[in-house]
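Shown next: run.cif, containing mmCIF, C-alpha atoms.
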data_upload
loop_
_atom_site.label_atom_id
_atom_site.label_comp_id
_atom_site.auth_asym_id
_atom_site.auth_seq_id
_atom_site.Cartn_x
_atom_site.Cartn_y
_atom_site.Cartn_z
CA MET O 275 0.00 0.00 0.00
CA LEU O 276 1.21 3.48 -0.88
CA ARG O 277 2.50 5.34 2.17
CA ALA O 278 1.38 8.89 1.48
CA GLY O 279 1.09 12.07 3.46
CA LYS O 280 -0.92 15.23 2.87
CA LEU O 281 0.59 18.46 1.62
CA MET O 282 -0.47 22.09 1.19
CA ILE O 283 1.57 25.11 0.17
CA SER O 284 -0.35 28.38 0.26
CA PRO O 285 -0.93 31.57 2.27
CA GLY O 286 -2.91 31.11 5.47
CA GLU O 287 -4.56 34.47 4.94
CA SER O 288 -6.37 33.63 1.71
CA ASN O 289 -6.61 29.83 1.74
CA SER O 290 -9.33 28.55 4.06
CA ASP O 291 -7.94 24.99 4.21
CA MET O 292 -4.55 26.31 5.29
CA ARG O 293 -6.21 28.59 7.84
CA TYR O 294 -8.16 25.62 9.19
CA ALA O 295 -5.13 23.35 9.42
CA SER O 296 -2.72 25.91 10.85
CA GLN O 297 -4.91 28.64 12.44
CA VAL O 298 -2.33 31.09 11.11
CA ALA O 299 -3.07 33.96 8.71
CA THR O 300 0.09 34.54 6.69
CA PRO O 301 0.16 36.74 3.55
CA ASP O 302 2.87 34.55 2.01
CA ASP O 303 3.06 30.81 1.40
CA ILE O 304 3.68 28.40 4.23
CA LEU O 305 3.93 24.64 3.96
CA TRP O 306 1.72 22.26 5.91
CA PHE O 307 2.13 18.49 5.86
CA SER O 308 0.88 15.43 7.66
CA ALA O 309 2.59 12.07 7.93
CA GLY O 310 0.55 9.61 9.93
CA ALA O 311 -0.07 11.18 13.35
CA ILE O 312 2.45 13.95 12.71
CA CYS O 313 1.38 17.38 11.44
CA GLY O 314 3.92 20.08 10.69
CA LEU O 315 4.31 23.60 9.37
CA VAL O 316 7.41 24.81 7.55
CA ALA O 317 7.85 28.58 7.64
CA SER O 318 10.42 31.09 6.47
CA LYS O 319 12.56 33.01 8.96
CA LEU O 320 10.26 35.98 8.38
CA GLU O 321 7.22 34.10 9.67
CA PHE O 322 8.74 31.42 11.91
CA ASP O 323 8.35 33.06 15.33
CA ARG O 324 4.78 34.23 14.71
CA VAL O 325 3.73 30.89 13.21
CA ARG O 326 5.16 29.05 16.21
CA GLU O 327 3.18 31.27 18.60
CA GLU O 328 -0.13 31.20 16.74
CA CYS O 329 -0.35 27.75 15.16
CA ARG O 330 -2.89 25.11 16.07
CA ARG O 331 -2.01 23.05 19.13
CA GLY O 332 -0.29 19.81 18.25
CA VAL O 333 1.27 21.11 15.02
CA ALA O 334 5.09 21.08 14.95
CA VAL O 335 6.76 24.14 13.42
CA PHE O 336 10.02 23.90 11.44
CA THR O 337 12.26 26.36 9.68
CA GLU O 338 12.80 25.93 5.95
CA GLU O 339 16.46 25.21 6.62
CA GLU O 340 15.60 22.15 8.72
CA PHE O 341 14.41 20.49 5.52
CA GLY O 342 17.05 21.83 3.14
CA GLY O 343 15.09 24.90 2.00
CA PRO O 344 14.22 27.51 0.96
CA GLY O 345 13.22 25.73 -2.27
CA TYR O 346 9.95 23.78 -1.93
CA VAL O 347 11.07 20.87 -4.09
CA ASP O 348 13.97 20.09 -1.76
CA ILE O 349 11.84 20.69 1.34
CA VAL O 350 9.08 18.31 0.24
CA LYS O 351 11.55 15.68 -0.92
CA ASN O 352 13.32 15.78 2.44
CA ILE O 353 10.04 15.61 4.36
CA ALA O 354 9.17 12.50 2.39
CA GLU O 355 12.55 10.92 3.15
CA ARG O 356 12.41 11.75 6.87
CA TYR O 357 8.94 10.27 7.33
CA HIS O 358 9.32 7.44 4.80
CA LEU O 359 6.61 8.70 2.45
CA GLU O 360 6.24 7.75 -1.20
CA GLY O 361 4.09 10.72 -2.06
CA PHE O 362 1.41 13.18 -1.02
CA SER O 363 -2.24 13.91 -1.47
CA VAL O 364 -2.70 17.59 -2.36
CA PRO O 365 -5.70 19.93 -2.79
CA LYS O 366 -7.24 20.21 -6.23
CA ASP O 367 -5.88 23.75 -6.62
CA PHE O 368 -2.27 22.76 -5.84
CA PRO O 369 0.10 24.51 -8.30
CA LEU O 370 0.51 22.35 -11.40
CA GLY O 371 4.08 23.45 -12.08
CA LEU O 372 5.20 22.56 -8.58
CA ALA O 373 3.37 19.23 -8.75
CA ASP O 374 5.22 18.36 -11.96
CA LYS O 375 8.59 19.26 -10.40
CA LEU O 376 7.85 17.08 -7.38
CA ARG O 377 6.81 14.18 -9.61
CA SER O 378 10.10 14.50 -11.48
CA THR O 379 11.90 13.60 -8.22
CA GLY O 380 9.97 10.32 -8.04
CA LEU O 381 7.30 11.43 -5.60
CA ILE O 382 3.68 10.51 -6.27
CA ILE O 383 1.49 13.62 -6.17
CA GLU O 384 -2.25 13.02 -6.37
CA PRO O 385 -5.09 15.56 -6.01
CA ALA O 386 -7.64 14.74 -3.34
CA GLU O 387 -10.88 13.45 -4.82
CA GLU O 388 -13.06 15.41 -2.38
CA GLY O 389 -12.53 18.31 -0.02
CA PHE O 390 -9.15 18.29 1.68
CA PHE O 391 -10.75 18.63 5.12
CA PRO O 392 -14.33 17.33 4.89
CA GLU O 393 -14.58 17.67 8.67
CA ARG O 394 -14.74 21.45 8.17
CA GLU O 395 -18.45 21.00 7.52
CA PHE O 396 -19.00 20.22 11.21
CA LYS O 397 -18.15 23.14 13.44
CA GLN O 398 -16.68 23.02 16.91
CA ASP O 399 -18.06 25.30 19.61
CA PHE O 400 -15.26 27.83 19.23
CA GLU O 401 -15.97 28.05 15.50
CA VAL O 402 -19.67 28.71 16.09
CA GLU O 403 -18.67 31.52 18.46
CA LYS O 404 -16.42 33.08 15.82
CA ILE O 405 -19.08 32.84 13.11
CA THR O 406 -21.63 34.37 15.47
CA SER O 407 -19.27 37.23 16.30
CA THR O 408 -18.91 38.05 12.61
CA LEU O 409 -22.67 37.80 12.18
CA ARG O 410 -23.09 40.40 14.92
CA ALA O 411 -20.92 42.77 12.89
CA ALA O 412 -23.14 42.16 9.87
CA GLU O 413 -26.17 42.96 12.00
CA ALA O 414 -24.53 46.18 13.17
CA GLY O 415 -23.96 47.14 9.54
CA CYS O 416 -27.58 46.36 8.73
CA ARG O 417 -28.84 48.46 11.64
CA ARG O 418 -26.71 51.33 10.37
CA ALA O 419 -28.49 50.99 7.03
CA PHE O 420 -31.85 51.05 8.80
CA ASP O 421 -30.84 54.28 10.55
CA VAL O 422 -29.73 55.92 7.30
CA LEU O 423 -32.96 54.96 5.56
CA ARG O 424 -35.07 56.23 8.45
CA GLU O 425 -33.21 59.55 8.34
CA ALA O 426 -33.60 59.90 4.57
CA ASP O 427 -36.08 62.31 3.04
CA ILE O 428 -37.95 61.85 -0.25
CA ASP O 429 -37.63 64.37 -3.08
CA SER O 430 -40.10 65.25 -5.83
CA GLN O 431 -38.77 62.41 -8.01
CA LYS O 432 -39.28 59.87 -5.20
CA ARG O 433 -35.54 59.60 -4.73
CA LEU O 434 -34.17 59.15 -1.23
CA VAL O 435 -32.10 62.09 0.01
CA TRP O 436 -29.68 61.83 2.93
CA ASN O 437 -27.35 64.51 4.31
CA GLY O 438 -28.33 66.78 1.43
CA ASN O 439 -27.40 64.27 -1.30
CA VAL O 440 -29.31 61.69 -3.29
CA LEU O 441 -28.92 58.42 -1.41
CA THR O 442 -27.37 55.81 -3.70
CA SER O 443 -26.64 52.12 -3.36
CA GLU O 444 -22.98 53.06 -3.17
CA ILE O 445 -23.49 55.45 -0.24
CA LEU O 446 -25.66 53.02 1.70
CA ARG O 447 -23.15 50.23 1.09
CA SER O 448 -20.28 52.39 2.36
CA GLU O 449 -22.18 53.11 5.59
CA ILE O 450 -22.71 49.38 6.13
CA ASP O 451 -19.13 48.48 5.25
CA CYS O 452 -17.53 51.18 7.40
CA THR O 453 -19.58 50.08 10.38
CA MET O 454 -18.33 46.51 10.00
CA LEU O 455 -14.74 47.64 9.44
CA LYS O 456 -14.78 49.38 12.82
CA LEU O 457 -15.75 46.02 14.32
CA GLY O 458 -12.82 44.22 12.71
CA CYS O 459 -14.70 42.73 9.78
CA LEU O 460 -14.04 43.19 6.08
CA ALA O 461 -16.89 43.59 3.61
CA THR O 462 -16.45 41.56 0.46
CA GLY O 463 -19.30 42.51 -1.83
CA THR O 464 -22.18 43.95 0.18
CA ILE O 465 -25.38 44.10 -1.86
CA CYS O 466 -27.67 47.13 -1.71
CA ALA O 467 -29.92 46.59 -4.70
CA GLY O 468 -32.99 48.77 -5.08
CA GLY O 469 -36.07 48.25 -7.23
CA ALA O 470 -35.66 46.13 -10.35
CA GLN O 471 -31.95 45.59 -9.59
CA GLY O 472 -33.05 43.39 -6.69
CA ALA O 473 -34.53 40.90 -9.16
CA GLN O 474 -30.95 39.78 -9.88
CA PRO O 475 -29.82 38.05 -6.67
CA HIS O 476 -26.15 39.02 -6.98
CA ASN O 477 -26.60 42.52 -8.43
CA ALA O 478 -24.64 44.68 -5.98
CA GLY O 479 -26.81 47.70 -6.73
CA SER O 480 -25.90 51.08 -8.17
CA GLY O 481 -27.37 54.55 -8.48
CA ALA O 482 -30.20 56.30 -6.70
CA LEU O 483 -32.47 54.51 -4.27
CA TYR O 484 -36.18 55.27 -4.40
CA ALA O 485 -39.05 55.46 -1.95
CA ASP O 486 -41.72 52.74 -2.00
CA LYS O 487 -39.36 50.27 -3.72
CA PRO O 488 -37.79 47.18 -2.09
CA ILE O 489 -34.09 47.38 -1.23
CA VAL O 490 -32.31 44.03 -0.90
CA MET O 491 -29.36 44.22 1.51
CA ASP O 492 -27.16 41.12 1.58
CA ILE O 493 -24.28 41.55 4.01
CA PHE O 494 -21.54 38.92 4.29
CA PRO O 495 -18.36 40.11 6.04
CA ARG O 496 -15.29 38.14 7.01
CA SER O 497 -13.53 38.70 10.32
CA SER O 498 -10.05 40.10 9.76
CA ILE O 499 -9.06 38.50 13.08
CA THR O 500 -10.48 34.97 12.92
CA GLY O 501 -11.14 34.48 9.19
CA TYR O 502 -14.71 33.29 9.80
CA TRP O 503 -17.67 34.69 7.86
CA GLY O 504 -21.17 35.82 8.69
CA ASP O 505 -24.15 36.12 6.33
CA LEU O 506 -27.33 38.16 6.59
CA THR O 507 -30.00 39.48 4.22
CA ARG O 508 -32.87 41.85 4.87
CA THR O 509 -35.22 43.54 2.40
CA VAL O 510 -36.89 46.82 3.35
CA VAL O 511 -38.96 49.59 1.81
CA LYS O 512 -38.60 53.24 2.72
CA GLY O 513 -42.19 54.43 2.57
CA ARG O 514 -45.12 52.30 1.45
CA ALA O 515 -44.67 48.96 -0.25
CA SER O 516 -46.98 47.96 -3.10
CA ASP O 517 -49.48 45.17 -2.54
CA VAL O 518 -47.46 42.67 -4.58
CA VAL O 519 -44.30 43.48 -2.63
CA LYS O 520 -46.15 43.05 0.67
CA LYS O 521 -47.53 39.71 -0.44
CA ALA O 522 -44.11 38.56 -1.68
CA PHE O 523 -42.50 39.61 1.60
CA ASP O 524 -45.06 37.64 3.59
CA ALA O 525 -44.51 34.59 1.36
CA VAL O 526 -40.74 34.70 1.78
CA PHE O 527 -41.04 35.27 5.51
CA GLU O 528 -43.36 32.26 5.85
CA ALA O 529 -41.01 30.10 3.76
CA ARG O 530 -38.00 31.11 5.87
CA GLU O 531 -39.76 30.38 9.15
CA LEU O 532 -41.06 27.04 7.84
CA ALA O 533 -37.58 26.02 6.72
CA LYS O 534 -36.08 27.01 10.07
CA SER O 535 -38.68 24.91 11.87
CA MET O 536 -37.67 21.87 9.79
CA LEU O 537 -33.99 22.06 10.70
CA LYS O 538 -32.83 19.14 12.82
CA ILE O 539 -30.31 16.33 12.84
CA GLY O 540 -31.43 13.82 10.19
CA ALA O 541 -33.41 16.36 8.13
CA CYS O 542 -33.06 16.17 4.35
CA PRO O 543 -31.90 19.48 2.77
CA ALA O 544 -33.74 18.77 -0.50
CA GLU O 545 -37.02 18.28 1.39
CA ILE O 546 -36.56 21.53 3.32
CA HIS O 547 -35.90 23.38 0.08
CA SER O 548 -38.96 21.85 -1.56
CA SER O 549 -41.18 22.75 1.37
CA ALA O 550 -40.03 26.37 1.30
CA ALA O 551 -40.62 26.59 -2.47
CA GLN O 552 -44.06 25.03 -2.18
CA ALA O 553 -45.04 27.45 0.57
CA MET O 554 -44.31 30.38 -1.74
CA GLU O 555 -46.10 28.74 -4.66
CA LYS O 556 -49.22 28.26 -2.52
CA ARG O 557 -49.27 32.03 -2.08
CA GLY O 558 -49.24 32.48 -5.85
CA PHE O 559 -45.52 33.07 -6.46
CA TYR O 560 -44.35 30.68 -9.15
CA THR O 561 -40.92 30.03 -10.60
CA GLY O 562 -40.02 29.95 -14.28
CA VAL O 563 -38.22 31.70 -17.09
CA THR O 564 -39.24 34.14 -19.82
CA ASP O 565 -37.37 36.12 -22.46
CA SER O 566 -36.64 38.61 -19.68
CA GLY O 567 -34.91 35.97 -17.57
CA ASN O 568 -35.63 33.86 -14.52
CA PHE O 569 -38.38 34.70 -12.08
CA GLY O 570 -39.62 33.36 -8.76
CA PHE O 571 -37.40 31.27 -6.47
CA PHE O 572 -34.51 30.01 -8.57
CA HIS O 573 -31.58 29.54 -6.23
CA GLY O 574 -30.76 27.19 -3.37
CA LEU O 575 -32.38 27.68 0.00
CA GLY O 576 -29.08 28.00 1.84
CA HIS O 577 -25.52 26.90 2.36
CA GLY O 578 -22.92 26.21 4.99
CA VAL O 579 -20.75 29.04 6.34
CA GLY O 580 -17.37 28.92 8.05
CA LEU O 581 -13.91 29.84 6.82
CA ASP O 582 -15.55 30.13 3.38
CA ILE O 583 -18.74 32.01 2.73
CA HIS O 584 -20.10 29.03 0.77
CA GLU O 585 -19.36 25.64 2.30
CA ASN O 586 -21.04 22.29 2.63
CA PRO O 587 -23.79 21.44 3.20
CA ARG O 588 -25.91 22.91 0.43
CA LEU O 589 -29.59 23.26 1.24
CA SER O 590 -30.89 22.62 -2.24
CA LEU O 591 -32.74 20.09 -4.38
CA ARG O 592 -29.40 18.52 -5.26
CA ASN O 593 -28.56 17.47 -1.70
CA SER O 594 -30.42 14.57 -0.12
CA ALA O 595 -27.71 13.77 2.47
CA PRO O 596 -29.26 14.11 5.95
CA LEU O 597 -27.93 16.80 8.26
CA LYS O 598 -25.64 15.21 10.83
CA GLY O 599 -25.28 17.94 13.43
CA GLY O 600 -22.53 20.53 13.74
CA GLU O 601 -23.36 22.39 10.53
CA VAL O 602 -23.81 26.18 10.45
CA VAL O 603 -26.16 27.05 7.59
CA THR O 604 -28.06 29.93 6.08
CA ILE O 605 -31.78 29.89 5.35
CA GLU O 606 -32.41 32.44 2.60
CA PRO O 607 -35.49 31.97 0.43
CA GLY O 608 -36.17 34.71 -2.11
CA LEU O 609 -38.58 35.84 -4.79
CA TYR O 610 -37.47 37.81 -7.85
CA TYR O 611 -39.54 39.49 -10.55
CA PRO O 612 -38.04 41.90 -13.11
CA GLU O 613 -41.18 44.07 -13.02
CA TRP O 614 -40.67 45.20 -9.43
CA GLY O 615 -37.51 43.68 -7.92
CA GLY O 616 -36.78 41.09 -5.27
CA ILE O 617 -37.33 39.96 -1.68
CA ARG O 618 -34.75 37.88 0.18
CA LEU O 619 -34.64 37.20 3.92
CA GLU O 620 -31.69 35.33 5.40
CA ASP O 621 -30.97 33.96 8.86
CA MET O 622 -28.23 31.62 10.10
CA ALA O 623 -28.67 28.50 12.21
CA TYR O 624 -26.49 25.98 14.04
CA ILE O 625 -27.63 22.36 13.72
CA SER O 626 -27.41 20.46 17.00
CA ASP O 627 -29.67 18.48 19.32
CA ASP O 628 -31.30 21.84 20.03
CA VAL O 629 -31.12 23.85 16.81
CA LYS O 630 -29.99 27.40 17.54
CA ILE O 631 -30.94 30.36 15.35
CA LEU O 632 -27.85 32.56 15.42
CA THR O 633 -29.40 35.65 13.83
CA GLU O 634 -30.84 38.20 16.24
CA ILE O 635 -31.72 41.24 14.10
CA GLU O 636 -35.41 41.91 13.53
CA THR O 637 -37.30 41.29 10.28
CA PHE O 638 -39.73 43.89 8.92
CA LEU O 639 -40.62 45.43 5.57
CA GLU O 640 -41.48 49.13 5.86
CA LEU O 641 -39.58 51.89 7.63
#

Could you quickly redo this structure as structure tokens?
Amino acid sequence: MLRAGKLMISPGESNSDMRYASQVATPDDILWFSAGAICGLVASKLEFDRVREECRRGVAVFTEEEFGGPGYVDIVKNIAERYHLEGFSVPKDFPLGLADKLRSTGLIIEPAEEGFFPEREFKQDFEVEKITSTLRAAEAGCRRAFDVLREADIDSQKRLVWNGNVLTSEILRSEIDCTMLKLGCLATGTICAGGAQGAQPHNAGSGALYADKPIVMDIFPRSSITGYWGDLTRTVVKGRASDVVKKAFDAVFEARELAKSMLKIGACPAEIHSSAAQAMEKRGFYTGVTDSGNFGFFHGLGHGVGLDIHENPRLSLRNSAPLKGGEVVTIEPGLYYPEWGGIRLEDMAYISDDVKILTEIETFLEL
């Protein structure tokens, strides 16, 4: 049988698998390996002292020179020799050029068939705390948006006006993002999409915001300290919502609450998704496609969140694997119609013996 270890070479700051394995956020590459029960990090002199102080308990830290560095080919070859390894399993995004160089030395380098750390799907208590902390920053950003919208006036063209200027998606987004930055969290694409722009789920929003039109605010920061993400969506109207918007909001709200009530260990994600979709259809909101594009509820109900904003499990029709407990997921049904815009409402939940809804911010339509 092939005696193989596991190998990663990447920055801890931008690679979630490296962050998970090492608990270190480095801007430059570090090397992580496992050989049986042994896990190690190989760091440059620049990073060695910090990596040694911050790394995950039980991980040995080595200098590059201890394995004949600084070149990675020599380092990996010497690790293999020291621990009697014939090769390594590597992530699917491992650099191809480096893999070829390592193979030329006689090492077997094979990409992992699935995720490198499938156990990341199931969060430990300290991870849930970190996700929740980031979610609180998202909620603070959302409350700042509520305040700005409440303070806004309405001009003769039905545009929102704040601090003497037309309130735009860009201005509202900057208020949200700056609030989160002060709390140590980095915004990565906050959505403030008003009116018809909200009918495109990932339209970030641009230009003037208007009274009586829905504004979809999807806020998903990452903690600059821990690396864990939070995710939150609220849809509000400054002024009076139209009848169809009110009815769509009520349908999405009902679908979200129904889906949350179905969360438990052993629940089937596909069935939860179907139930949420059916609840909205019963209220007259159907899903389909026209020459203008998709309409209705045409994305997954939710997804896992952790060191990546989108992780396993997926709450969608494509996933029939029962929830096992330990997952942190979003529940975010939505309805989208090009004629008037979109409604999306998103909460986060932790799946355990007693399912915990992590989101605390209120849900309402008009302000």

(message) On this structure, the PyMOL selection byres ((chain O and resi 624-641) around 9) would catch which residues? List them as a ChimeraX atom specification, sorted by chain and number.
(response) /O:397,402,406,409-410,413-414,416-417,420,423-424,486,488,506,508-515,520,523,527,534,537-539,597-603,619-623

(request) Go through O:Pro587, O:Gly615, O:Gly361, O:Gly310 one by one, measure the shortest atom-to-atom distance of each to Gly469 of chain O using all atoms listed in the file, and give the residue with the smallest value. (result) O:Gly615

(request) Within 10 Å of Thr453 of chain O, counting all atoms listed in the file, which residues show up once you throw out same-chain ones fewer than 4 positions away? Write them as a PyMOL selection string, please. (result) chain O and resi 411-419+447-449+457-461

(request) Using only C-alpha atoms, pick whichever of O:Gly570, O:Gly463, O:Gly616, O:Pro607 has the shortest atom-to-atom distance to Ile583 of chain O. (result) O:Gly463

(request) Decode the PyMOL selection byres ((chain O and resi 291) around 12) for the given file into explicit residues and return them as a ChimeraX atom specification. (result) /O:281-290,292-299,305-306,364-368,389-395,501,580-582,585

Residues just named, written with C-alpha atoms as a compact mmCIF listing (two decimals), keeping the file's coordinate frame:
# COMPACT_ATOMS: atom_id res chain seq x y z
CA LEU O 281 0.59 18.46 1.62
CA MET O 282 -0.47 22.09 1.19
CA ILE O 283 1.57 25.11 0.17
CA SER O 284 -0.35 28.38 0.26
CA PRO O 285 -0.93 31.57 2.27
CA GLY O 286 -2.91 31.11 5.47
CA GLU O 287 -4.56 34.47 4.94
CA SER O 288 -6.37 33.63 1.71
CA ASN O 289 -6.61 29.83 1.74
CA SER O 290 -9.33 28.55 4.06
CA MET O 292 -4.55 26.31 5.29
CA ARG O 293 -6.21 28.59 7.84
CA TYR O 294 -8.16 25.62 9.19
CA ALA O 295 -5.13 23.35 9.42
CA SER O 296 -2.72 25.91 10.85
CA GLN O 297 -4.91 28.64 12.44
CA VAL O 298 -2.33 31.09 11.11
CA ALA O 299 -3.07 33.96 8.71
CA LEU O 305 3.93 24.64 3.96
CA TRP O 306 1.72 22.26 5.91
CA VAL O 364 -2.70 17.59 -2.36
CA PRO O 365 -5.70 19.93 -2.79
CA LYS O 366 -7.24 20.21 -6.23
CA ASP O 367 -5.88 23.75 -6.62
CA PHE O 368 -2.27 22.76 -5.84
CA GLY O 389 -12.53 18.31 -0.02
CA PHE O 390 -9.15 18.29 1.68
CA PHE O 391 -10.75 18.63 5.12
CA PRO O 392 -14.33 17.33 4.89
CA GLU O 393 -14.58 17.67 8.67
CA ARG O 394 -14.74 21.45 8.17
CA GLU O 395 -18.45 21.00 7.52
CA GLY O 501 -11.14 34.48 9.19
CA GLY O 580 -17.37 28.92 8.05
CA LEU O 581 -13.91 29.84 6.82
CA ASP O 582 -15.55 30.13 3.38
CA GLU O 585 -19.36 25.64 2.30

(message) Is it possible to get the residues within 8 Å of (-34.8, 21.7, -5.3) (coordinates as in the file, counting all atoms listed in the file) written as a PyMOL selection string?
(response) chain O and resi 544-545+547-548+574+590-592
